[in-house]
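Enquirer: Dropping in upload22.txt, which is compact mmCIF, C-alpha atoms:
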# COMPACT_ATOMS: atom_id res chain seq x y z
CA MET A 4 0.00 0.00 0.00
CA LEU A 5 2.74 2.38 1.02
CA GLU A 6 4.47 1.75 -2.28
CA SER A 7 1.45 2.83 -4.27
CA LYS A 8 0.79 5.82 -2.01
CA ARG A 9 4.34 6.90 -2.72
CA ALA A 10 3.87 6.51 -6.45
CA ARG A 11 0.59 8.39 -6.41
CA PHE A 12 2.16 11.10 -4.28
CA GLU A 13 5.11 11.51 -6.64
CA SER A 14 2.91 11.76 -9.70
CA SER A 15 0.57 14.27 -8.03
CA VAL A 16 3.31 16.44 -6.65
CA SER A 17 6.10 16.32 -9.25
CA PRO A 18 4.41 18.67 -11.73
CA HIS A 19 4.19 21.34 -9.02
CA LEU A 20 7.69 21.18 -7.56
CA ALA A 21 8.84 24.05 -9.77
CA ALA A 22 6.03 26.29 -8.51
CA ALA A 23 6.68 25.11 -4.94
CA TYR A 24 10.34 26.01 -5.21
CA ASN A 25 9.69 29.40 -6.80
CA LEU A 26 7.25 30.35 -4.04
CA ALA A 27 9.63 29.17 -1.32
CA ARG A 28 12.50 31.00 -2.98
CA TRP A 29 10.55 34.26 -3.10
CA LEU A 30 9.42 33.91 0.50
CA THR A 31 12.80 32.92 1.99
CA HIS A 32 14.93 35.11 -0.36
CA ASN A 33 17.45 32.33 -0.52
CA ALA A 34 18.09 29.24 -2.68
CA HIS A 35 19.40 27.04 0.10
CA ASP A 36 16.56 27.81 2.49
CA ALA A 37 14.02 27.40 -0.29
CA GLU A 38 15.23 23.84 -0.88
CA ASP A 39 15.00 23.02 2.82
CA VAL A 40 11.51 24.47 3.04
CA VAL A 41 10.30 22.55 -0.03
CA GLN A 42 11.70 19.31 1.34
CA GLU A 43 10.04 19.86 4.72
CA ALA A 44 6.78 20.85 3.04
CA MET A 45 6.79 17.69 0.92
CA LEU A 46 7.31 15.53 3.99
CA ARG A 47 4.28 17.20 5.54
CA ALA A 48 2.35 16.81 2.32
CA PHE A 49 3.15 13.10 2.20
CA THR A 50 1.81 12.71 5.73
CA PHE A 51 -1.44 14.45 4.81
CA PHE A 52 -1.69 12.89 1.37
CA ASP A 53 -4.28 10.29 2.42
CA GLY A 54 -6.62 13.15 3.28
CA PHE A 55 -6.13 14.89 -0.06
CA ARG A 56 -9.20 14.27 -2.20
CA GLY A 57 -9.24 17.45 -4.26
CA SER A 58 -8.51 17.79 -7.93
CA ASP A 59 -6.33 20.86 -7.56
CA ALA A 60 -2.99 19.40 -6.50
CA ARG A 61 -1.15 22.62 -7.34
CA SER A 62 -3.09 24.75 -4.85
CA TRP A 63 -2.81 21.98 -2.29
CA VAL A 64 0.98 21.76 -2.68
CA LEU A 65 1.41 25.54 -2.67
CA LYS A 66 -0.74 25.85 0.43
CA ILE A 67 1.51 23.45 2.33
CA VAL A 68 4.67 25.16 1.04
CA ARG A 69 3.26 28.52 2.03
CA ASN A 70 2.39 27.34 5.54
CA THR A 71 5.77 25.67 5.94
CA CYS A 72 7.45 28.91 4.83
CA SER A 73 5.40 30.86 7.29
CA THR A 74 6.45 28.63 10.21
CA TRP A 75 10.02 28.66 8.97
CA LEU A 76 10.10 32.46 8.73
CA ASP A 77 8.64 32.82 12.23
CA VAL A 78 11.48 30.72 13.60
CA ASN A 79 14.36 31.88 11.44
CA ARG A 80 13.53 35.44 10.52
CA PRO A 81 11.04 36.83 12.99
CA ARG A 82 11.44 40.30 11.55
CA ASP A 83 11.05 39.39 7.92
CA VAL A 84 7.34 40.07 7.75
CA VAL A 85 8.05 43.76 8.16
CA ALA A 86 11.39 43.86 6.34
CA THR A 87 11.75 46.95 4.23
CA ASP A 88 15.49 47.50 4.30
CA ILE A 89 16.46 47.47 0.64
CA ASP A 90 20.19 47.38 1.35
CA GLN A 91 19.87 44.33 3.51
CA LEU A 92 17.58 42.58 1.05
CA SER A 93 19.79 43.20 -1.93
CA GLU A 94 22.27 40.68 -0.52
CA THR A 95 19.72 37.95 -0.90
CA LEU A 96 18.37 38.93 -4.29
CA PRO A 97 18.44 36.55 -7.24
CA SER A 98 21.93 35.32 -8.05
CA THR A 99 21.44 36.17 -11.72
CA CYS A 100 21.15 39.81 -10.80
CA SER A 101 23.91 40.18 -8.28
CA GLY A 102 27.57 39.36 -8.77
CA SER A 103 31.02 40.77 -8.19
CA THR A 104 30.58 44.41 -7.38
CA ASP A 105 32.89 46.55 -9.53
CA ASP A 106 32.51 44.86 -12.88
CA PRO A 107 30.94 47.55 -15.13
CA GLU A 108 28.80 44.97 -16.93
CA THR A 109 27.40 43.81 -13.64
CA VAL A 110 26.75 47.36 -12.59
CA ALA A 111 24.83 47.88 -15.82
CA LEU A 112 22.96 44.64 -15.32
CA ARG A 113 21.96 45.63 -11.83
CA LYS A 114 20.20 48.62 -13.27
CA THR A 115 18.03 46.63 -15.59
CA GLU A 116 14.31 46.65 -15.34
CA ALA A 117 14.18 43.02 -14.29
CA TYR A 118 16.46 43.68 -11.38
CA GLN A 119 14.37 46.62 -10.25
CA VAL A 120 11.17 44.63 -10.50
CA ASP A 121 12.66 41.76 -8.48
CA GLU A 122 14.01 44.18 -5.94
CA ALA A 123 10.64 45.92 -5.63
CA ILE A 124 8.81 42.62 -5.10
CA ALA A 125 11.43 41.47 -2.59
CA SER A 126 11.05 44.70 -0.65
CA ILE A 127 7.37 44.31 0.21
CA SER A 128 6.24 42.23 3.17
CA ALA A 129 5.67 38.50 2.80
CA THR A 130 1.90 38.87 3.20
CA PHE A 131 1.74 40.93 0.02
CA ARG A 132 4.67 39.30 -1.77
CA GLU A 133 3.06 35.87 -1.72
CA VAL A 134 -0.11 36.99 -3.50
CA ILE A 135 1.91 38.75 -6.21
CA VAL A 136 4.09 35.67 -6.77
CA LEU A 137 1.04 33.39 -6.92
CA ARG A 138 -0.85 35.71 -9.25
CA GLU A 139 1.75 37.18 -11.61
CA ILE A 140 4.46 34.52 -11.68
CA GLU A 141 2.49 31.33 -11.11
CA GLY A 142 -0.70 32.58 -12.80
CA LEU A 143 -3.17 31.37 -10.15
CA SER A 144 -6.77 32.59 -10.20
CA TYR A 145 -8.21 34.52 -7.25
CA LYS A 146 -10.06 31.39 -6.18
CA GLU A 147 -6.87 29.33 -6.21
CA ILE A 148 -4.95 32.01 -4.30
CA ALA A 149 -7.78 32.18 -1.73
CA ASN A 150 -7.40 28.43 -1.30
CA VAL A 151 -3.60 28.65 -0.91
CA ILE A 152 -3.60 31.46 1.65
CA ASP A 153 -6.82 30.25 3.29
CA ALA A 154 -8.56 33.61 3.06
CA PRO A 155 -11.68 34.96 1.33
CA ILE A 156 -11.45 36.15 -2.28
CA GLY A 157 -12.05 39.72 -1.08
CA THR A 158 -8.85 39.50 0.95
CA VAL A 159 -6.96 38.24 -2.10
CA MET A 160 -8.23 41.24 -4.05
CA SER A 161 -7.33 43.81 -1.40
CA ARG A 162 -3.90 42.29 -0.80
CA LEU A 163 -3.14 42.30 -4.51
CA ALA A 164 -4.20 45.95 -4.71
CA ARG A 165 -1.99 46.85 -1.75
CA ALA A 166 0.90 44.74 -3.09
CA ARG A 167 0.76 46.50 -6.44
CA SER A 168 0.69 49.97 -4.94
CA GLU A 169 3.68 49.09 -2.74
CA ILE A 170 5.59 47.66 -5.69
CA ARG A 171 4.81 50.79 -7.66
CA ARG A 172 6.12 52.95 -4.81
CA ALA A 173 9.28 50.85 -4.54
CA LEU A 174 9.86 51.15 -8.30
CA VAL A 175 9.39 54.91 -8.21
CA ARG A 176 11.85 55.11 -5.32
CA ALA A 177 14.40 52.99 -7.18
CA THR A 178 14.21 54.97 -10.41
CA ASP A 179 14.29 58.39 -8.77
CA PRO A 180 17.87 58.99 -7.56
CA GLY A 181 16.88 61.97 -5.42
CA ASN A 182 14.57 59.75 -3.48
CA ARG A 183 16.81 56.77 -3.18
CA ARG A 184 17.49 57.12 0.52
CA GLY A 185 13.96 58.18 1.28
CA THR A 186 12.23 57.02 4.39
CA GLY A 187 9.41 55.16 2.64
CA MET B 13 -20.97 51.84 -8.87
CA THR B 14 -19.33 54.73 -7.01
CA PRO B 15 -15.92 56.07 -8.10
CA GLU B 16 -14.39 54.47 -4.97
CA ASN B 17 -15.94 51.11 -5.84
CA ALA B 18 -14.75 51.43 -9.40
CA ARG B 19 -11.21 52.12 -8.24
CA GLY B 20 -11.34 49.10 -5.94
CA LEU B 21 -12.49 46.84 -8.79
CA LEU B 22 -9.69 47.85 -11.16
CA ASN B 23 -7.37 45.15 -9.81
CA ALA B 24 -9.96 42.45 -10.40
CA TYR B 25 -10.53 43.95 -13.84
CA VAL B 26 -6.88 43.83 -14.95
CA ASP B 27 -6.73 40.30 -13.54
CA GLY B 28 -9.71 39.27 -15.67
CA GLU B 29 -11.56 38.24 -12.51
CA LEU B 30 -14.52 40.60 -12.77
CA ASP B 31 -17.91 39.23 -13.80
CA ALA B 32 -19.38 40.32 -17.11
CA ALA B 33 -21.92 42.79 -15.70
CA SER B 34 -19.41 44.62 -13.49
CA THR B 35 -16.90 44.59 -16.36
CA MET B 36 -19.33 46.43 -18.61
CA GLU B 37 -20.20 48.92 -15.90
CA LEU B 38 -16.56 49.53 -15.04
CA GLU B 39 -15.60 49.95 -18.69
CA SER B 40 -18.23 52.64 -19.14
CA GLN B 41 -16.92 54.41 -16.01
CA ILE B 42 -13.37 54.20 -17.33
CA ARG B 43 -14.50 55.83 -20.57
CA GLU B 44 -16.12 58.66 -18.65
CA SER B 45 -13.42 59.34 -16.08
CA PRO B 46 -9.93 60.39 -17.22
CA ALA B 47 -8.62 59.79 -13.68
CA LEU B 48 -9.93 56.23 -13.69
CA GLN B 49 -8.59 55.74 -17.20
CA GLN B 50 -5.16 56.88 -16.03
CA GLU B 51 -5.31 54.60 -13.00
CA PHE B 52 -6.31 51.69 -15.22
CA GLU B 53 -3.40 52.36 -17.57
CA ARG B 54 -0.91 52.61 -14.72
CA LEU B 55 -2.18 49.38 -13.22
CA SER B 56 -2.06 47.53 -16.55
CA ALA B 57 1.46 48.79 -17.19
CA LEU B 58 2.60 47.72 -13.74
CA GLN B 59 1.00 44.31 -14.17
CA GLY B 60 2.70 43.85 -17.54
CA LEU B 61 6.05 44.87 -16.08
CA VAL B 62 5.81 42.46 -13.16
CA ARG B 63 4.55 39.59 -15.33
CA ASN B 64 7.23 40.00 -17.94
CA ARG B 65 10.19 40.92 -15.79
CA ALA B 66 9.87 39.21 -12.41
CA SER B 67 12.11 36.18 -11.99
CA ARG B 68 10.71 32.68 -11.78
CA PHE B 69 13.43 30.86 -9.95
CA ASP B 70 14.26 27.48 -11.46
CA ALA B 71 14.37 24.61 -9.03
CA PRO B 72 17.75 22.88 -8.93
CA SER B 73 17.72 19.67 -10.96
CA HIS B 74 18.42 17.53 -7.91
CA LEU B 75 15.41 18.87 -5.97
CA ALA B 76 12.91 16.17 -6.97
CA ASP B 77 15.39 13.39 -6.14
CA ARG B 78 16.22 14.98 -2.85
CA VAL B 79 12.59 15.54 -1.88
CA PHE B 80 11.37 12.07 -2.82
CA ALA B 81 14.39 10.32 -1.34
CA ALA B 82 13.56 11.92 2.01
CA LEU B 83 10.09 10.39 2.15
CA PRO B 84 9.52 7.57 4.63
CA GLU B 85 10.77 4.13 3.54
CA ALA B 86 8.62 2.51 0.91
CA ARG B 87 7.98 -0.56 3.04
CA PRO B 88 8.39 -1.15 6.74
CA ALA B 89 11.61 -3.13 7.26
CA GLY B 90 11.00 -6.88 7.46
CA THR B 91 7.86 -7.07 5.37
CA LEU B 92 9.74 -8.39 2.39
CA LYS B 93 11.27 -11.26 4.35
CA THR B 94 7.91 -12.96 4.68
CA VAL B 95 7.60 -13.18 0.91
CA PRO B 96 9.66 -15.90 -0.79
CA GLY B 97 12.32 -14.47 -3.10
CA TRP B 98 11.09 -16.25 -6.22
CA TRP B 99 7.68 -14.71 -5.81
CA ARG B 100 8.76 -11.07 -6.23
CA PRO B 101 9.56 -11.02 -9.96
CA LEU B 102 6.22 -12.70 -10.57
CA ALA B 103 4.40 -10.12 -8.48
CA ILE B 104 6.22 -7.25 -10.19
CA GLY B 105 5.46 -8.76 -13.59
CA ALA B 106 1.79 -9.17 -12.74
CA THR B 107 1.60 -5.60 -11.42
CA MET B 108 3.22 -4.23 -14.54
CA ALA B 109 0.87 -6.21 -16.76
CA ALA B 110 -2.10 -4.94 -14.78
CA LEU B 111 -0.81 -1.38 -15.01
CA ALA B 112 -0.25 -1.72 -18.74
CA LEU B 113 -3.78 -3.02 -19.15
CA LEU B 114 -5.13 -0.17 -17.06
CA PHE B 115 -3.12 2.36 -19.02
CA TRP B 116 -4.25 0.89 -22.30
CA SER B 117 -7.92 0.78 -21.35
CA VAL B 118 -8.40 3.89 -19.22
CA VAL B 119 -5.88 6.47 -20.29
CA PRO B 120 -7.06 6.85 -23.90
CA THR B 121 -10.53 7.81 -22.63
CA LEU B 122 -9.23 10.13 -19.95
CA ASN B 123 -6.79 11.86 -22.24
CA ARG B 124 -8.80 11.99 -25.39
CA LEU B 125 -8.30 15.73 -25.61
CA ASP B 126 -4.65 15.47 -24.73
CA SER B 127 -3.30 12.94 -27.16
CA ASP B 128 -1.14 14.74 -29.65
CA ALA B 129 -3.10 13.89 -32.76
CA GLY B 130 -6.43 12.95 -31.18
CA PRO B 131 -8.58 16.04 -31.37
CA ARG B 132 -7.35 17.25 -34.79
CA GLU B 133 -10.53 16.09 -36.49
CA GLU B 134 -12.69 17.60 -33.77
CA VAL B 135 -10.75 20.86 -33.84
CA LEU B 136 -11.16 21.11 -37.60
CA ALA B 137 -14.85 20.19 -37.41
CA ALA B 138 -15.45 22.88 -34.79
CA HIS B 139 -13.64 25.43 -36.95
CA VAL B 140 -15.64 24.59 -40.07
CA ARG B 141 -18.87 24.55 -38.07
CA SER B 142 -18.17 28.02 -36.70
CA LEU B 143 -17.78 29.36 -40.25
CA MET B 144 -20.76 27.50 -41.73
CA ALA B 145 -23.34 28.27 -39.09
CA ASP B 146 -22.63 31.99 -39.14
CA HIS B 147 -21.94 31.73 -35.44
CA LEU B 148 -18.33 32.78 -35.23
CA THR B 149 -18.44 34.55 -31.89
CA ASP B 150 -20.68 34.67 -28.83
CA LEU B 151 -18.95 37.85 -27.77
CA THR B 152 -17.52 40.21 -30.36
CA SER B 153 -14.81 42.38 -28.89
CA ALA B 154 -11.23 43.26 -29.73
CA GLU B 155 -10.57 44.10 -26.08
CA ARG B 156 -8.93 41.19 -24.31
CA HIS B 157 -9.99 42.58 -20.93
CA THR B 158 -13.56 42.05 -22.06
CA VAL B 159 -13.16 38.68 -23.76
CA LYS B 160 -11.16 37.04 -20.99
CA PRO B 161 -13.56 37.64 -18.08
CA TRP B 162 -16.49 36.81 -20.30
CA LEU B 163 -15.01 33.39 -21.06
CA SER B 164 -13.69 32.78 -17.54
CA SER B 165 -17.08 33.40 -16.00
CA ARG B 166 -18.64 30.75 -18.22
CA LEU B 167 -15.99 28.05 -18.01
CA ASP B 168 -14.33 26.15 -15.20
CA PHE B 169 -10.95 27.52 -16.32
CA ALA B 170 -9.55 30.90 -17.33
CA PRO B 171 -8.13 30.83 -20.86
CA PRO B 172 -5.32 33.31 -21.52
CA VAL B 173 -6.47 35.90 -24.07
CA GLU B 174 -3.88 37.92 -25.97
CA ASP B 175 -4.28 40.94 -28.19
CA LEU B 176 -1.89 40.45 -31.09
CA ALA B 177 -3.19 43.20 -33.37
CA SER B 178 0.28 44.76 -33.51
CA GLU B 179 1.47 41.52 -35.16
CA GLY B 180 -1.42 41.52 -37.61
CA PHE B 181 -3.60 39.03 -35.72
CA ALA B 182 -6.67 41.03 -34.73
CA LEU B 183 -8.78 39.63 -31.91
CA VAL B 184 -12.36 39.32 -33.18
CA GLY B 185 -13.99 37.82 -30.11
CA GLY B 186 -14.66 34.67 -28.14
CA ARG B 187 -17.05 31.75 -28.25
CA LEU B 188 -17.90 28.74 -26.15
CA ASP B 189 -17.60 25.40 -27.86
CA TYR B 190 -17.99 21.82 -26.84
CA PHE B 191 -16.18 18.78 -28.10
CA GLY B 192 -14.21 15.79 -26.88
CA GLY B 193 -16.54 15.61 -23.89
CA ARG B 194 -15.78 19.01 -22.41
CA GLN B 195 -16.31 22.73 -22.77
CA VAL B 196 -13.57 24.56 -24.61
CA ALA B 197 -12.86 28.23 -25.17
CA ALA B 198 -12.64 29.43 -28.76
CA LEU B 199 -10.74 32.63 -29.43
CA VAL B 200 -11.29 34.07 -32.86
CA TYR B 201 -8.58 36.01 -34.64
CA ARG B 202 -8.47 37.55 -38.09
CA TYR B 203 -5.31 37.73 -40.16
CA ARG B 204 -5.91 39.63 -43.42
CA GLN B 205 -8.94 37.75 -44.83
CA HIS B 206 -8.35 34.57 -42.84
CA ILE B 207 -10.33 33.55 -39.78
CA ILE B 208 -8.43 31.62 -37.14
CA ASN B 209 -10.06 29.70 -34.32
CA VAL B 210 -7.81 29.11 -31.31
CA PHE B 211 -9.30 26.44 -29.04
CA VAL B 212 -8.10 26.37 -25.46
CA TRP B 213 -8.73 23.88 -22.68
CA PRO B 214 -6.89 22.70 -19.58
CA SER B 215 -4.20 20.16 -20.32
CA THR B 216 -3.46 17.31 -17.95
CA LYS B 217 0.17 17.37 -19.00
CA ASN B 218 1.46 20.24 -16.93
CA ARG B 219 4.47 20.70 -19.08
CA GLU B 220 5.43 22.90 -21.99
CA VAL B 221 4.92 21.28 -25.39
CA SER B 222 6.37 23.24 -28.27
CA VAL B 223 4.45 24.10 -31.41
CA GLN B 224 3.54 21.27 -33.79
CA THR B 225 1.71 21.76 -37.07
CA TRP B 226 -0.32 19.59 -39.38
CA ALA B 227 -2.17 20.02 -42.66
CA LEU B 228 -5.62 18.45 -42.79
CA ARG B 229 -7.91 18.67 -45.85
CA GLY B 230 -6.62 22.04 -46.94
CA TYR B 231 -6.60 23.55 -43.46
CA ASN B 232 -3.63 24.02 -41.19
CA ILE B 233 -3.53 23.17 -37.53
CA ALA B 234 -0.97 24.23 -34.94
CA ARG B 235 -0.93 23.13 -31.32
CA PHE B 236 1.14 23.63 -28.19
CA ASP B 237 0.77 23.30 -24.43
CA SER B 238 1.70 26.04 -22.03
CA ARG B 239 1.06 26.72 -18.37
CA GLY B 240 -1.33 23.81 -18.03
CA MET B 241 -3.41 24.68 -21.09
CA SER B 242 -3.65 23.07 -24.53
CA PHE B 243 -3.92 25.49 -27.45
CA TRP B 244 -5.09 24.41 -30.92
CA ALA B 245 -5.12 26.98 -33.70
CA VAL B 246 -6.88 26.10 -36.95
CA SER B 247 -7.34 28.11 -40.12
CA ASP B 248 -7.00 28.15 -43.88
CA LEU B 249 -4.07 30.49 -43.26
CA ASN B 250 -0.69 29.29 -44.56
CA PRO B 251 1.29 27.10 -42.15
CA GLY B 252 4.07 29.68 -41.66
CA ASP B 253 1.78 32.45 -40.44
CA LEU B 254 -0.26 30.04 -38.34
CA GLN B 255 2.92 28.81 -36.70
CA LYS B 256 3.88 32.43 -36.10
CA LEU B 257 0.58 33.00 -34.29
CA ALA B 258 1.13 29.85 -32.21
CA ASN B 259 4.64 31.01 -31.28
CA LEU B 260 3.35 34.46 -30.28
CA LEU B 261 0.61 32.93 -28.15
CA GLN B 262 2.99 30.52 -26.51
CA ARG B 263 5.48 33.27 -25.71
CA ALA B 264 2.68 35.41 -24.29
CA ALA B 265 1.34 32.54 -22.21
CA GLN B 266 4.66 31.85 -20.54
Can you present the structure in this file as structure tokens?

Expert:
Amino acid sequence: MLESKRARFESSVSPHLAAAYNLARWLTHNAHDAEDVVQEAMLRAFTFFDGFRGSDARSWVLKIVRNTCSTWLDVNRPRDVVATDIDQLSETLPSTCSGSTDDPETVALRKTEAYQVDEAIASISATFREVIVLREIEGLSYKEIANVIDAPIGTVMSRLARARSEIRRALVRATDPGNRRGTG
Amino acid sequence: MTPENARGLLNAYVDGELDAASTMELESQIRESPALQQEFERLSALQGLVRNRASRFDAPSHLADRVFAALPEARPAGTLKTVPGWWRPLAIGATMAALALLFWSVVPTLNRLDSDAGPREEVLAAHVRSLMADHLTDLTSAERHTVKPWLSSRLDFAPPVEDLASEGFALVGGRLDYFGGRQVAALVYRYRQHIINVFVWPSTKNREVSVQTWALRGYNIARFDSRGMSFWAVSDLNPGDLQKLANLLQRAAQ
């Protein structure tokens, strides 16, 4: 029995590992921690798998990853939920965007739009970051996001609205040199 | 709908999550209010920027192995000892035969819409039917923010709708269709004098399948899978331009 549970689990979960990792990576800011979180989440998922009867395995997997992340952040980064310090966050930004510091090409790369967008998303709190990642990067519907974060659709809508206005503010701050050290 | 309400609904609108009635009401408000129009444009631009530029971090290739290797042991230790050694290959063989039988008998029915060549005939029939019956669109609109919520609210999935007018493929509208045992979305595009039906339904494959094309009785068909959806474009358009449309749609869907 256990053998077939394992096989069923692997075939249900495998297609969603990429989404699971991306969410964990965005929430932990870090590749190594994201891997640990995904592994822990999948162990939990395996335990609960007998109770999973739904058809939407992706939302189910993401929900467990999200909850595992949330526990993990509480323990490891109690202040992360309110983190707004861009300088501190830039150390943990995507490896493709950072690199050795003085190389002019890297400096140019750091200024690209993609870098600024990533930085803006990374700068908002996890509560708002997760809905943006689920919506814009993973393409989930409001209903699916509501399922993942266990909140009403109205909350999904208001968090997305707030997330977008914060991202917009962060982008404006990043592109306006006079405002770079602003207090926002 | 008050101006405050309208502002609050803009996010749902750009996400294609607003129902048809509110969409129409909001669109008329947007037309009347320059401030709302500006807010809508800013929000759309921001959404486009985030969608197109934000990183999707690739999982390391060893992640699946690592995750599945960490699961509890497949069998409690000792169970196997009670089974004579010669019996195991037989059991494995019987299981594989049973699985093969199951696969052979069940999977073709389940995946009728997902087999690579399967629905070509049905796709072509639906295309021809849409032209013959003078029932090309249920909703005629070149605005993807109108077509998408209209379709989403009538289907159990949300088909991606792209405006490709800048590439010569003008969005004409959307239609509901039914074949292969399920509802499908039909997006109608026009390229010069050619009508193109793009049928979309959820794929069970969950992987990217690149564009394939076929010719069938004078028509051309192009298909691909992206983001959990199967796309089938069919038209009397030449295969090169149809493939171009499929490539544009696939790039937009990713």

Enquirer: In Å to one decimal, how far is CA of Pro214 (chain B) from CA of Ser58 (chain A)?

Expert: 12.7 Å

Enquirer: Quick one: which residues from chain A are at most 7 Å off chain B, using all atoms listed in the file, as a CSV table (one decimal) with C-alpha atoms, keeping the file's coordinate frame?

Expert:
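Listed below is the output, result_27.csv:
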chain,number,residue,atom,x,y,z
A,5,LEU,CA,2.7,2.4,1.0
A,6,GLU,CA,4.5,1.8,-2.3
A,18,PRO,CA,4.4,18.7,-11.7
A,21,ALA,CA,8.8,24.0,-9.8
A,24,TYR,CA,10.3,26.0,-5.2
A,25,ASN,CA,9.7,29.4,-6.8
A,42,GLN,CA,11.7,19.3,1.3
A,45,MET,CA,6.8,17.7,0.9
A,46,LEU,CA,7.3,15.5,4.0
A,117,ALA,CA,14.2,43.0,-14.3
A,120,VAL,CA,11.2,44.6,-10.5
A,121,ASP,CA,12.7,41.8,-8.5
A,139,GLU,CA,1.8,37.2,-11.6
A,140,ILE,CA,4.5,34.5,-11.7
A,160,MET,CA,-8.2,41.2,-4.0
A,164,ALA,CA,-4.2,46.0,-4.7

Enquirer: I'd like the neighbourhood of Val159 (chain A) as number ranges by chain, where a residue qualifies if any of its atoms comes within 12 Å (using all atoms listed in the file), though same-chain residues fewer than 4 positions away should be ignored.

Expert: A: 130-135, 137-138, 143-155, 163-166; B: 23-24, 27, 29

Enquirer: Could you write out that same residue set with C-alpha atoms as a PDB file, keeping the file's coordinate frame?

Expert:
ATOM      1  CA  THR A 130       1.900  38.870   3.200  1.00  0.00           C
ATOM      2  CA  PHE A 131       1.740  40.930   0.020  1.00  0.00           C
ATOM      3  CA  ARG A 132       4.670  39.300  -1.770  1.00  0.00           C
ATOM      4  CA  GLU A 133       3.060  35.870  -1.720  1.00  0.00           C
ATOM      5  CA  VAL A 134      -0.110  36.990  -3.500  1.00  0.00           C
ATOM      6  CA  ILE A 135       1.910  38.750  -6.210  1.00  0.00           C
ATOM      7  CA  LEU A 137       1.040  33.390  -6.920  1.00  0.00           C
ATOM      8  CA  ARG A 138      -0.850  35.710  -9.250  1.00  0.00           C
ATOM      9  CA  LEU A 143      -3.170  31.370 -10.150  1.00  0.00           C
ATOM     10  CA  SER A 144      -6.770  32.590 -10.200  1.00  0.00           C
ATOM     11  CA  TYR A 145      -8.210  34.520  -7.250  1.00  0.00           C
ATOM     12  CA  LYS A 146     -10.060  31.390  -6.180  1.00  0.00           C
ATOM     13  CA  GLU A 147      -6.870  29.330  -6.210  1.00  0.00           C
ATOM     14  CA  ILE A 148      -4.950  32.010  -4.300  1.00  0.00           C
ATOM     15  CA  ALA A 149      -7.780  32.180  -1.730  1.00  0.00           C
ATOM     16  CA  ASN A 150      -7.400  28.430  -1.300  1.00  0.00           C
ATOM     17  CA  VAL A 151      -3.600  28.650  -0.910  1.00  0.00           C
ATOM     18  CA  ILE A 152      -3.600  31.460   1.650  1.00  0.00           C
ATOM     19  CA  ASP A 153      -6.820  30.250   3.290  1.00  0.00           C
ATOM     20  CA  ALA A 154      -8.560  33.610   3.060  1.00  0.00           C
ATOM     21  CA  PRO A 155     -11.680  34.960   1.330  1.00  0.00           C
ATOM     22  CA  LEU A 163      -3.140  42.300  -4.510  1.00  0.00           C
ATOM     23  CA  ALA A 164      -4.200  45.950  -4.710  1.00  0.00           C
ATOM     24  CA  ARG A 165      -1.990  46.850  -1.750  1.00  0.00           C
ATOM     25  CA  ALA A 166       0.900  44.740  -3.090  1.00  0.00           C
TER      26      ALA A 166
ATOM     27  CA  ASN B  23      -7.370  45.150  -9.810  1.00  0.00           C
ATOM     28  CA  ALA B  24      -9.960  42.450 -10.400  1.00  0.00           C
ATOM     29  CA  ASP B  27      -6.730  40.300 -13.540  1.00  0.00           C
ATOM     30  CA  GLU B  29     -11.560  38.240 -12.510  1.00  0.00           C
TER      31      GLU B  29
END

Enquirer: Give me the residues within 7 Å of region 33-49 of chain B as a PDB file with C-alpha atoms, in the coordinates of the input, counting all atoms listed in the file and dropping any in the same chain fewer than 3 places off.

Expert:
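Once everything was written out, this is out-v9.pdb:
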ATOM      1  CA  ALA B  18     -14.750  51.430  -9.400  1.00  0.00           C
ATOM      2  CA  ARG B  19     -11.210  52.120  -8.240  1.00  0.00           C
ATOM      3  CA  TYR B  25     -10.530  43.950 -13.840  1.00  0.00           C
ATOM      4  CA  LEU B  30     -14.520  40.600 -12.770  1.00  0.00           C
ATOM      5  CA  PHE B  52      -6.310  51.690 -15.220  1.00  0.00           C
ATOM      6  CA  GLU B  53      -3.400  52.360 -17.570  1.00  0.00           C
TER       7      GLU B  53
END

Enquirer: Could you state the separation of CA of Gln205 (chain B) and CA of Met241 (chain B) in Å, given to one decimal place?

Expert: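 Straight-line distance from CA of Gln205 (chain B) to CA of Met241 (chain B) works out to 27.7 Å.
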
Enquirer: Find, counting only C-alpha atoms, the residue in A:Val64, A:Ala37, A:Leu20, A:Ala44 that gets nearest to Asp77 (chain B).

Expert: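 Checking each candidate against Asp77 (chain B), we get A:Leu20 as the closest.
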
Enquirer: Just how far from CA of Gly193 (chain B) is CA of Ala154 (chain B), in Å to one decimal?

Expert: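 We find that CA of Ala154 (chain B) and CA of Gly193 (chain B) lie 28.8 Å from each other.
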
Enquirer: Counting all atoms listed in the file, which of B:Val223, B:Met13, B:Ala137, B:Ala57 gets nearest to Lys256 (chain B)?

Expert: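 Among the listed residues, B:Val223 lies closest to Lys256 (chain B).
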